[in-house]
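As provided, target33.cif (mmCIF, C-alpha atoms) reads as follows.
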data_upload
#
loop_
_atom_site.group_PDB
_atom_site.id
_atom_site.type_symbol
_atom_site.label_atom_id
_atom_site.label_comp_id
_atom_site.auth_asym_id
_atom_site.auth_seq_id
_atom_site.Cartn_x
_atom_site.Cartn_y
_atom_site.Cartn_z
ATOM 1 C CA MET A 153 179.772 129.636 123.283
ATOM 2 C CA ASN A 154 183.004 130.892 124.807
ATOM 3 C CA ASN A 155 186.341 131.177 123.041
ATOM 4 C CA ALA A 156 187.701 127.969 124.589
ATOM 5 C CA THR A 157 184.775 125.949 123.256
ATOM 6 C CA LYS A 158 185.045 127.594 119.843
ATOM 7 C CA ALA A 159 188.699 126.551 119.740
ATOM 8 C CA LEU A 160 187.761 122.941 120.548
ATOM 9 C CA VAL A 161 185.088 123.000 117.844
ATOM 10 C CA SER A 162 187.639 124.336 115.368
ATOM 11 C CA GLU A 163 190.125 121.575 116.254
ATOM 12 C CA PHE A 164 187.429 118.896 116.012
ATOM 13 C CA SER A 165 186.308 120.206 112.614
ATOM 14 C CA GLU A 166 189.824 120.081 111.202
ATOM 15 C CA ALA A 167 190.552 116.648 112.701
ATOM 16 C CA HIS A 168 187.431 115.105 111.167
ATOM 17 C CA ASN A 169 187.406 117.121 107.933
ATOM 18 C CA LEU A 170 184.031 118.731 108.712
ATOM 19 C CA GLU A 171 182.737 122.240 108.089
ATOM 20 C CA PHE A 172 183.347 124.413 111.153
ATOM 21 C CA LEU A 173 179.912 126.061 110.993
ATOM 22 C CA VAL A 174 178.154 122.677 110.965
ATOM 23 C CA VAL A 175 180.042 121.332 113.991
ATOM 24 C CA GLU A 176 179.655 124.650 115.828
ATOM 25 C CA LYS A 177 175.909 124.654 115.119
ATOM 26 C CA PHE A 178 175.398 121.225 116.632
ATOM 27 C CA ALA A 179 177.692 121.812 119.573
ATOM 28 C CA THR A 180 175.537 124.813 120.484
ATOM 29 C CA ALA A 181 172.306 122.891 119.884
ATOM 30 C CA LEU A 182 173.453 120.016 122.083
ATOM 31 C CA LEU A 183 174.288 122.400 124.893
ATOM 32 C CA GLU A 184 170.790 123.850 124.641
ATOM 33 C CA VAL A 185 169.092 120.471 125.054
ATOM 34 C CA SER A 186 169.885 119.696 128.666
ATOM 35 C CA HIS A 187 168.126 116.322 128.732
ATOM 36 C CA LYS A 188 170.361 114.918 126.000
ATOM 37 C CA PRO A 189 173.986 113.895 126.596
ATOM 38 C CA VAL A 190 176.514 116.365 125.231
ATOM 39 C CA LYS A 191 178.898 114.701 122.811
ATOM 40 C CA SER A 192 181.375 117.537 122.869
ATOM 41 C CA ALA A 193 184.436 117.325 125.119
ATOM 42 C CA SER A 194 183.583 120.737 126.497
ATOM 43 C CA THR A 195 180.689 121.613 128.824
ATOM 44 C CA GLN A 196 179.382 125.111 128.322
ATOM 45 C CA PRO A 197 177.845 126.954 131.291
ATOM 46 C CA LYS A 198 175.965 129.444 129.147
ATOM 47 C CA ALA A 199 172.913 128.328 127.230
ATOM 48 C CA LYS A 200 170.122 130.064 125.413
ATOM 49 C CA SER A 201 166.764 128.543 124.624
ATOM 50 C CA ASN A 202 166.511 129.198 120.927
ATOM 51 C CA ALA A 203 165.316 126.918 118.150
ATOM 52 C CA ASN A 204 168.129 128.168 115.961
ATOM 53 C CA PRO A 205 171.221 126.215 117.044
ATOM 54 C CA LYS A 206 173.495 128.693 115.393
ATOM 55 C CA ALA A 207 172.466 131.641 117.531
ATOM 56 C CA LYS A 208 175.083 132.649 120.102
ATOM 57 C CA PRO A 209 174.055 132.422 123.750
ATOM 58 C CA SER A 210 175.016 135.666 125.448
ATOM 59 C CA ALA A 211 173.968 137.743 128.427
ATOM 60 C CA LYS A 212 175.372 140.948 126.970
ATOM 61 C CA THR A 213 173.127 143.881 126.328
ATOM 62 C CA LYS A 214 175.715 146.303 124.952
ATOM 63 C CA ASN A 215 175.386 146.705 121.190
ATOM 64 C CA GLN A 216 172.748 143.986 121.253
ATOM 65 C CA VAL A 217 170.692 143.506 118.115
ATOM 66 C CA THR A 218 167.613 141.343 117.905
ATOM 67 C CA VAL A 219 168.627 138.571 115.544
ATOM 68 C CA LYS A 220 166.052 135.796 115.521
ATOM 69 C CA PRO A 221 166.115 134.791 111.839
ATOM 70 C CA GLN A 222 163.388 132.161 112.084
ATOM 71 C CA GLN A 223 160.687 134.544 113.336
ATOM 72 C CA THR A 224 157.884 135.348 110.953
ATOM 73 C CA THR A 225 157.157 138.787 112.385
ATOM 74 C CA PRO A 226 157.266 141.830 110.063
ATOM 75 C CA GLU A 227 160.752 142.688 111.370
ATOM 76 C CA SER A 228 162.096 139.336 110.187
ATOM 77 C CA SER A 229 161.989 140.384 106.541
ATOM 78 C CA SER A 230 164.080 143.502 107.150
ATOM 79 C CA LYS A 231 167.609 143.616 105.800
ATOM 80 C CA LEU A 232 170.176 144.359 108.501
ATOM 81 C CA ASN A 233 172.264 147.427 107.780
ATOM 82 C CA ARG A 234 176.015 147.587 108.283
ATOM 83 C CA ALA A 235 175.807 148.971 111.824
ATOM 84 C CA GLU A 236 173.370 146.238 112.882
ATOM 85 C CA LEU A 237 175.534 143.534 111.337
ATOM 86 C CA GLN A 238 178.619 144.885 113.079
ATOM 87 C CA ALA A 239 176.828 145.076 116.444
ATOM 88 C CA ALA A 240 175.589 141.489 116.158
ATOM 89 C CA ILE A 241 179.033 140.190 115.158
ATOM 90 C CA TYR A 242 180.813 142.136 117.908
ATOM 91 C CA ASP A 243 178.367 140.705 120.431
ATOM 92 C CA TYR A 244 178.886 137.176 119.140
ATOM 93 C CA PHE A 245 182.667 137.401 119.497
ATOM 94 C CA ASN A 246 182.440 139.327 122.802
ATOM 95 C CA VAL A 247 184.208 142.434 121.562
ATOM 96 C CA SER A 248 183.194 146.087 121.389
ATOM 97 C CA THR A 249 185.007 147.427 118.327
ATOM 98 C CA GLY A 250 186.302 146.378 114.964
ATOM 99 C CA THR A 251 189.854 146.829 116.212
ATOM 100 C CA GLU A 252 189.259 144.354 119.030
ATOM 101 C CA LEU A 253 187.674 141.941 116.584
ATOM 102 C CA ARG A 254 190.630 142.089 114.182
ATOM 103 C CA LYS A 255 193.006 141.314 117.058
ATOM 104 C CA ASN A 256 190.906 138.393 118.311
ATOM 105 C CA SER A 257 192.897 135.223 117.575
ATOM 106 C CA HIS A 258 189.843 132.977 117.504
ATOM 107 C CA PHE A 259 188.042 135.298 115.099
ATOM 108 C CA LYS A 260 191.046 135.320 112.773
ATOM 109 C CA SER A 261 191.305 131.527 112.728
ATOM 110 C CA MET A 262 187.565 131.012 112.332
ATOM 111 C CA VAL A 263 187.113 133.397 109.391
ATOM 112 C CA LYS A 264 190.251 132.248 107.601
ATOM 113 C CA PRO A 265 188.282 129.795 105.376
ATOM 114 C CA LEU A 266 186.164 132.742 104.191
ATOM 115 C CA GLY A 267 189.143 134.333 102.510
ATOM 116 C CA SER A 268 189.804 138.074 102.535
ATOM 117 C CA ILE A 269 187.337 139.868 104.813
ATOM 118 C CA ASN A 270 186.755 143.630 104.962
ATOM 119 C CA LEU A 271 184.814 144.545 108.110
ATOM 120 C CA SER A 272 183.670 147.809 106.544
ATOM 121 C CA LYS A 273 181.874 146.042 103.686
ATOM 122 C CA THR A 274 178.282 144.957 104.219
ATOM 123 C CA GLU A 275 178.640 141.900 101.984
ATOM 124 C CA ASP A 276 181.603 140.634 104.008
ATOM 125 C CA LEU A 277 179.762 141.232 107.277
ATOM 126 C CA GLU A 278 176.882 139.211 105.858
ATOM 127 C CA LYS A 279 179.294 136.356 105.099
ATOM 128 C CA ILE A 280 180.406 136.312 108.733
ATOM 129 C CA TYR A 281 176.821 136.505 109.959
ATOM 130 C CA ARG A 282 175.735 133.575 107.783
ATOM 131 C CA GLU A 283 178.743 131.515 108.830
ATOM 132 C CA PHE A 284 178.467 131.955 112.586
ATOM 133 C CA LEU A 285 175.250 133.671 113.682
ATOM 134 C CA GLY A 286 172.601 132.073 111.498
ATOM 135 C CA VAL A 287 170.148 132.959 108.758
ATOM 136 C CA LEU A 288 169.915 136.625 107.896
ATOM 137 C CA PRO A 289 166.425 138.005 108.663
ATOM 138 C CA ASN A 290 165.814 138.866 105.011
ATOM 139 C CA GLU A 291 166.845 135.387 103.813
ATOM 140 C CA THR A 292 164.358 133.242 105.759
ATOM 141 C CA SER A 293 161.926 132.879 102.850
ATOM 142 C CA ASP A 294 164.229 132.488 99.860
ATOM 143 C CA MET A 295 162.918 130.796 96.747
ATOM 144 C CA GLY A 296 164.651 129.374 93.719
ATOM 145 C CA TYR A 297 167.382 126.866 93.021
ATOM 146 C CA GLY A 298 168.769 125.184 96.123
ATOM 147 C CA CYS A 299 166.127 126.645 98.460
ATOM 148 C CA ILE A 300 164.320 124.239 100.798
ATOM 149 C CA ASN A 301 161.868 125.463 103.438
ATOM 150 C CA GLY A 302 162.918 129.018 102.629
ATOM 151 C CA ILE A 303 166.625 128.381 103.188
ATOM 152 C CA ASP A 304 169.340 128.402 100.534
ATOM 153 C CA ILE A 305 171.155 125.167 101.377
ATOM 154 C CA PHE A 306 174.305 126.363 99.621
ATOM 155 C CA LYS A 307 174.507 129.462 101.831
ATOM 156 C CA TYR A 308 173.518 127.839 105.104
ATOM 157 C CA ALA A 309 173.872 124.623 107.090
ATOM 158 C CA ASP A 310 170.688 125.182 109.130
ATOM 159 C CA VAL A 311 169.759 121.512 109.023
ATOM 160 C CA TRP A 312 166.803 121.749 111.406
ATOM 161 C CA THR A 313 164.998 124.220 109.171
ATOM 162 C CA ILE A 314 166.052 122.465 105.979
ATOM 163 C CA PHE A 315 164.857 119.073 107.283
ATOM 164 C CA ASN A 316 161.869 120.700 109.024
ATOM 165 C CA LEU A 317 162.807 119.292 112.438
ATOM 166 C CA ASP A 318 163.023 120.593 116.005
ATOM 167 C CA SER A 319 166.563 120.344 117.360
ATOM 168 C CA ALA A 320 165.231 119.651 120.870
ATOM 169 C CA THR A 321 163.192 116.612 119.862
ATOM 170 C CA ALA A 322 164.901 115.325 116.717
ATOM 171 C CA THR A 323 166.014 111.695 116.704
ATOM 172 C CA LYS A 324 168.160 109.631 114.408
ATOM 173 C CA ASP A 325 165.006 108.098 112.897
ATOM 174 C CA SER A 326 163.358 111.473 112.275
ATOM 175 C CA VAL A 327 166.531 112.802 110.617
ATOM 176 C CA GLN A 328 166.686 109.699 108.406
ATOM 177 C CA ARG A 329 163.014 110.037 107.435
ATOM 178 C CA ALA A 330 163.465 113.705 106.530
ATOM 179 C CA TYR A 331 166.563 112.919 104.474
ATOM 180 C CA ARG A 332 164.869 110.048 102.636
ATOM 181 C CA SER A 333 161.874 112.220 101.859
ATOM 182 C CA LEU A 334 164.076 114.869 100.239
ATOM 183 C CA SER A 335 166.189 112.190 98.544
ATOM 184 C CA LYS A 336 163.115 110.931 96.696
ATOM 185 C CA GLN A 337 162.901 114.348 95.103
ATOM 186 C CA TYR A 338 166.543 115.254 94.533
ATOM 187 C CA HIS A 339 168.390 111.952 93.999
ATOM 188 C CA PRO A 340 170.149 112.063 90.598
ATOM 189 C CA ASP A 341 168.325 108.891 89.498
ATOM 190 C CA MET A 342 164.911 110.533 89.970
ATOM 191 C CA PRO A 343 163.232 112.205 86.955
ATOM 192 C CA ASN A 344 163.752 115.717 88.347
ATOM 193 C CA GLY A 345 166.755 114.913 90.512
ATOM 194 C CA ASP A 346 169.738 117.169 91.001
ATOM 195 C CA ARG A 347 173.148 115.777 91.871
ATOM 196 C CA LYS A 348 174.506 118.997 93.357
ATOM 197 C CA ILE A 349 171.519 119.471 95.674
ATOM 198 C CA PHE A 350 171.490 115.796 96.618
ATOM 199 C CA GLU A 351 175.178 115.823 97.520
ATOM 200 C CA ARG A 352 174.674 118.933 99.658
ATOM 201 C CA LEU A 353 171.686 117.302 101.406
ATOM 202 C CA THR A 354 173.773 114.202 102.084
ATOM 203 C CA GLN A 355 176.472 116.360 103.642
ATOM 204 C CA LEU A 356 173.894 118.104 105.838
ATOM 205 C CA TYR A 357 172.305 114.770 106.763
ATOM 206 C CA GLN A 358 175.630 113.376 107.957
ATOM 207 C CA ALA A 359 176.183 116.510 110.016
ATOM 208 C CA ALA A 360 172.657 116.357 111.465
ATOM 209 C CA LEU A 361 173.317 112.874 112.809
ATOM 210 C CA LEU A 362 176.009 114.410 115.017
ATOM 211 C CA GLY A 363 173.330 116.444 116.759
ATOM 212 C CA VAL A 364 170.985 113.615 117.806
#

Starting from the file, lay out its structure as structure tokens.
Amino acid sequence: MNNATKALVSEFSEAHNLEFLVVEKFATALLEVSHKPVKSASTQPKAKSNANPKAKPSAKTKNQVTVKPQQTTPESSSKLNRAELQAAIYDYFNVSTGTELRKNSHFKSMVKPLGSINLSKTEDLEKIYREFLGVLPNETSDMGYGCINGIDIFKYADVWTIFNLDSATATKDSVQRAYRSLSKQYHPDMPNGDRKIFERLTQLYQAALLGV
């Protein structure tokens, strides 16, 4: 996704009071599915066939890091170090150095909701990665509160994994069925329901409908 499209996504998110990462995820996913009409006002010439709609399509090889969070290969459980995180983020924003990244106007506007960011800190780089690139390789099989299908729904908006759907074939009906199935478990009126999880699922469900 180029800078012009990212700017449009940012404007759309603010205009409709939606999370940027959710709208950006579905804009990318829609561009990947060529047989479906693109609902975005921008048409993107670059596309990458990847089940993870949050992954950035790019032809660059410089500083490239293999970041396919949904793979189940042994490498997928490895924690990315600071250099690998930096390389992946630089590639995503089409820059070569931290200095270039700091001067990038789109980067500055996009990370503003994250608060103070220190590009030399691994934890801050991980925040950026989660927000824009996708699920960190070592967080694809998380367990515990708020984790569904291995994904912490409070860290990520990866709706296709959370709802166990394929972005290329998902329909409004399949999204609704997946949401209802999870609602039966997490709705506050159910014996073991959880209001916080249910509200987050509802938010993700509404965003998922934008992508079908």

- Query: Using all atoms listed in the file, which residue out of A:Tyr357, A:Phe259, A:Trp312, A:Phe306 lies closest to Tyr244 (chain A)?
  - Reply: A:Phe259

- Task: Have a look at A:Gly302, A:Lys273, A:Phe350, A:Ile241 and name the one nearest to Gln337 (chain A); count only C-alpha atoms.
- Result: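 That would be A:Phe350, the residue with the smallest distance to Gln337 (chain A).
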
- Query: Exactly which residues make up the result of the PyMOL selection byres ((chain A and resi 304) around 10) on this file, given as a VMD selection string?
  - Reply: chain A and resid 287 291 to 303 305 to 310 314

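Residues lying within 12 Å of Glu351 (chain A), counting all atoms listed in the file and ignoring same-chain neighbours fewer than 3 positions away, are A:Gly298, A:Ile305, A:Phe306, A:Tyr331, A:Leu334, A:Ser335, A:Tyr338, A:His339, A:Pro340, A:Gly345, A:Asp346, A:Arg347, A:Lys348, A:Thr354, A:Gln355, A:Leu356, A:Tyr357, A:Gln358.
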
- Query: Quick one: of A:Ala239, A:Val364, A:Leu288, A:Leu353, who's nearest to Phe315 (chain A), counting all atoms listed in the file?
  - Reply: A:Leu353

- Task: Select, from A:Ala330, A:Ala320, A:Leu361, A:Met262, the residue with the minimum atom-to-atom distance to Glu171 (chain A), counting all atoms listed in the file.
- Result: A:Met262

- the PyMOL selection byres ((chain A and resi 265) around 12) on the file shown: which residues, as a VMD selection string? chain A and resid 162 166 171 to 173 259 to 264 266 to 269 279 to 280 283

- Query: Distance CA of Phe245 (chain A)-CA of Thr274 (chain A), one decimal place?
  - Reply: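 CA of Thr274 (chain A) lies at a distance of 17.6 Å from CA of Phe245 (chain A).
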
Can you fill out region 233-244 of chain A with all heavy atoms and hand it back as a PDB file, in the coordinates of the input?
ATOM      1  N   ASN A 233     171.298 146.509 108.348  1.00  0.00           N
ATOM      2  CA  ASN A 233     172.264 147.427 107.780  1.00  0.00           C
ATOM      3  C   ASN A 233     173.651 147.142 108.346  1.00  0.00           C
ATOM      4  O   ASN A 233     173.826 146.265 109.201  1.00  0.00           O
ATOM      5  CB  ASN A 233     171.853 148.892 108.031  1.00  0.00           C
ATOM      6  CG  ASN A 233     171.745 149.226 109.516  1.00  0.00           C
ATOM      7  OD1 ASN A 233     172.530 148.744 110.334  1.00  0.00           O
ATOM      8  ND2 ASN A 233     170.768 150.058 109.870  1.00  0.00           N
ATOM      9  N   ARG A 234     174.637 147.875 107.889  1.00  0.00           N
ATOM     10  CA  ARG A 234     176.015 147.587 108.283  1.00  0.00           C
ATOM     11  C   ARG A 234     176.214 147.723 109.790  1.00  0.00           C
ATOM     12  O   ARG A 234     176.878 146.885 110.408  1.00  0.00           O
ATOM     13  CB  ARG A 234     176.985 148.518 107.543  1.00  0.00           C
ATOM     14  CG  ARG A 234     178.444 148.163 107.789  1.00  0.00           C
ATOM     15  CD  ARG A 234     179.375 149.011 106.960  1.00  0.00           C
ATOM     16  NE  ARG A 234     179.329 150.417 107.371  1.00  0.00           N
ATOM     17  CZ  ARG A 234     180.105 151.374 106.874  1.00  0.00           C
ATOM     18  NH1 ARG A 234     180.964 151.078 105.907  1.00  0.00           N
ATOM     19  NH2 ARG A 234     180.007 152.618 107.290  1.00  0.00           N
ATOM     20  N   ALA A 235     175.647 148.758 110.385  1.00  0.00           N
ATOM     21  CA  ALA A 235     175.807 148.971 111.824  1.00  0.00           C
ATOM     22  C   ALA A 235     175.181 147.826 112.624  1.00  0.00           C
ATOM     23  O   ALA A 235     175.754 147.375 113.630  1.00  0.00           O
ATOM     24  CB  ALA A 235     175.175 150.299 112.232  1.00  0.00           C
ATOM     25  N   GLU A 236     174.037 147.344 112.186  1.00  0.00           N
ATOM     26  CA  GLU A 236     173.370 146.238 112.882  1.00  0.00           C
ATOM     27  C   GLU A 236     174.161 144.943 112.735  1.00  0.00           C
ATOM     28  O   GLU A 236     174.267 144.156 113.679  1.00  0.00           O
ATOM     29  CB  GLU A 236     171.955 146.068 112.338  1.00  0.00           C
ATOM     30  CG  GLU A 236     171.014 147.197 112.712  1.00  0.00           C
ATOM     31  CD  GLU A 236     169.690 147.136 111.983  1.00  0.00           C
ATOM     32  OE1 GLU A 236     169.656 146.662 110.819  1.00  0.00           O
ATOM     33  OE2 GLU A 236     168.673 147.573 112.557  1.00  0.00           O
ATOM     34  N   LEU A 237     174.706 144.720 111.556  1.00  0.00           N
ATOM     35  CA  LEU A 237     175.534 143.534 111.337  1.00  0.00           C
ATOM     36  C   LEU A 237     176.776 143.581 112.225  1.00  0.00           C
ATOM     37  O   LEU A 237     177.138 142.586 112.862  1.00  0.00           O
ATOM     38  CB  LEU A 237     175.943 143.443 109.866  1.00  0.00           C
ATOM     39  CG  LEU A 237     174.845 143.079 108.866  1.00  0.00           C
ATOM     40  CD1 LEU A 237     175.302 143.374 107.440  1.00  0.00           C
ATOM     41  CD2 LEU A 237     174.452 141.610 109.001  1.00  0.00           C
ATOM     42  N   GLN A 238     177.417 144.738 112.257  1.00  0.00           N
ATOM     43  CA  GLN A 238     178.619 144.885 113.079  1.00  0.00           C
ATOM     44  C   GLN A 238     178.293 144.640 114.553  1.00  0.00           C
ATOM     45  O   GLN A 238     179.025 143.928 115.248  1.00  0.00           O
ATOM     46  CB  GLN A 238     179.215 146.282 112.889  1.00  0.00           C
ATOM     47  CG  GLN A 238     179.891 146.486 111.543  1.00  0.00           C
ATOM     48  CD  GLN A 238     180.355 147.914 111.337  1.00  0.00           C
ATOM     49  OE1 GLN A 238     179.772 148.851 111.888  1.00  0.00           O
ATOM     50  NE2 GLN A 238     181.394 148.093 110.532  1.00  0.00           N
ATOM     51  N   ALA A 239     177.200 145.226 115.038  1.00  0.00           N
ATOM     52  CA  ALA A 239     176.828 145.076 116.444  1.00  0.00           C
ATOM     53  C   ALA A 239     176.577 143.616 116.795  1.00  0.00           C
ATOM     54  O   ALA A 239     177.010 143.131 117.851  1.00  0.00           O
ATOM     55  CB  ALA A 239     175.583 145.920 116.744  1.00  0.00           C
ATOM     56  N   ALA A 240     175.889 142.899 115.910  1.00  0.00           N
ATOM     57  CA  ALA A 240     175.589 141.489 116.158  1.00  0.00           C
ATOM     58  C   ALA A 240     176.871 140.650 116.168  1.00  0.00           C
ATOM     59  O   ALA A 240     177.036 139.760 117.010  1.00  0.00           O
ATOM     60  CB  ALA A 240     174.626 140.972 115.095  1.00  0.00           C
ATOM     61  N   ILE A 241     177.776 140.941 115.243  1.00  0.00           N
ATOM     62  CA  ILE A 241     179.033 140.190 115.158  1.00  0.00           C
ATOM     63  C   ILE A 241     179.933 140.500 116.344  1.00  0.00           C
ATOM     64  O   ILE A 241     180.539 139.594 116.927  1.00  0.00           O
ATOM     65  CB  ILE A 241     179.748 140.506 113.826  1.00  0.00           C
ATOM     66  CG1 ILE A 241     178.934 139.942 112.658  1.00  0.00           C
ATOM     67  CG2 ILE A 241     181.160 139.918 113.809  1.00  0.00           C
ATOM     68  CD1 ILE A 241     179.376 140.432 111.292  1.00  0.00           C
ATOM     69  N   TYR A 242     180.018 141.778 116.734  1.00  0.00           N
ATOM     70  CA  TYR A 242     180.813 142.136 117.908  1.00  0.00           C
ATOM     71  C   TYR A 242     180.290 141.410 119.141  1.00  0.00           C
ATOM     72  O   TYR A 242     181.061 140.906 119.961  1.00  0.00           O
ATOM     73  CB  TYR A 242     180.767 143.647 118.157  1.00  0.00           C
ATOM     74  CG  TYR A 242     181.407 144.500 117.095  1.00  0.00           C
ATOM     75  CD1 TYR A 242     181.226 145.887 117.080  1.00  0.00           C
ATOM     76  CD2 TYR A 242     182.192 143.940 116.078  1.00  0.00           C
ATOM     77  CE1 TYR A 242     181.805 146.685 116.112  1.00  0.00           C
ATOM     78  CE2 TYR A 242     182.767 144.737 115.104  1.00  0.00           C
ATOM     79  CZ  TYR A 242     182.569 146.113 115.113  1.00  0.00           C
ATOM     80  OH  TYR A 242     183.134 146.906 114.146  1.00  0.00           O
ATOM     81  N   ASP A 243     178.978 141.368 119.277  1.00  0.00           N
ATOM     82  CA  ASP A 243     178.367 140.705 120.431  1.00  0.00           C
ATOM     83  C   ASP A 243     178.682 139.212 120.420  1.00  0.00           C
ATOM     84  O   ASP A 243     178.989 138.621 121.454  1.00  0.00           O
ATOM     85  CB  ASP A 243     176.850 140.917 120.403  1.00  0.00           C
ATOM     86  CG  ASP A 243     176.157 140.315 121.613  1.00  0.00           C
ATOM     87  OD1 ASP A 243     176.337 140.831 122.720  1.00  0.00           O
ATOM     88  OD2 ASP A 243     175.438 139.311 121.448  1.00  0.00           O
ATOM     89  N   TYR A 244     178.628 138.614 119.250  1.00  0.00           N
ATOM     90  CA  TYR A 244     178.886 137.176 119.140  1.00  0.00           C
ATOM     91  C   TYR A 244     180.310 136.834 119.573  1.00  0.00           C
ATOM     92  O   TYR A 244     180.538 135.828 120.255  1.00  0.00           O
ATOM     93  CB  TYR A 244     178.659 136.724 117.695  1.00  0.00           C
ATOM     94  CG  TYR A 244     178.903 135.252 117.479  1.00  0.00           C
ATOM     95  CD1 TYR A 244     177.907 134.318 117.755  1.00  0.00           C
ATOM     96  CD2 TYR A 244     180.128 134.789 117.012  1.00  0.00           C
ATOM     97  CE1 TYR A 244     178.130 132.964 117.572  1.00  0.00           C
ATOM     98  CE2 TYR A 244     180.359 133.437 116.835  1.00  0.00           C
ATOM     99  CZ  TYR A 244     179.357 132.531 117.106  1.00  0.00           C
ATOM    100  OH  TYR A 244     179.586 131.192 116.933  1.00  0.00           O
TER     101      TYR A 244
END
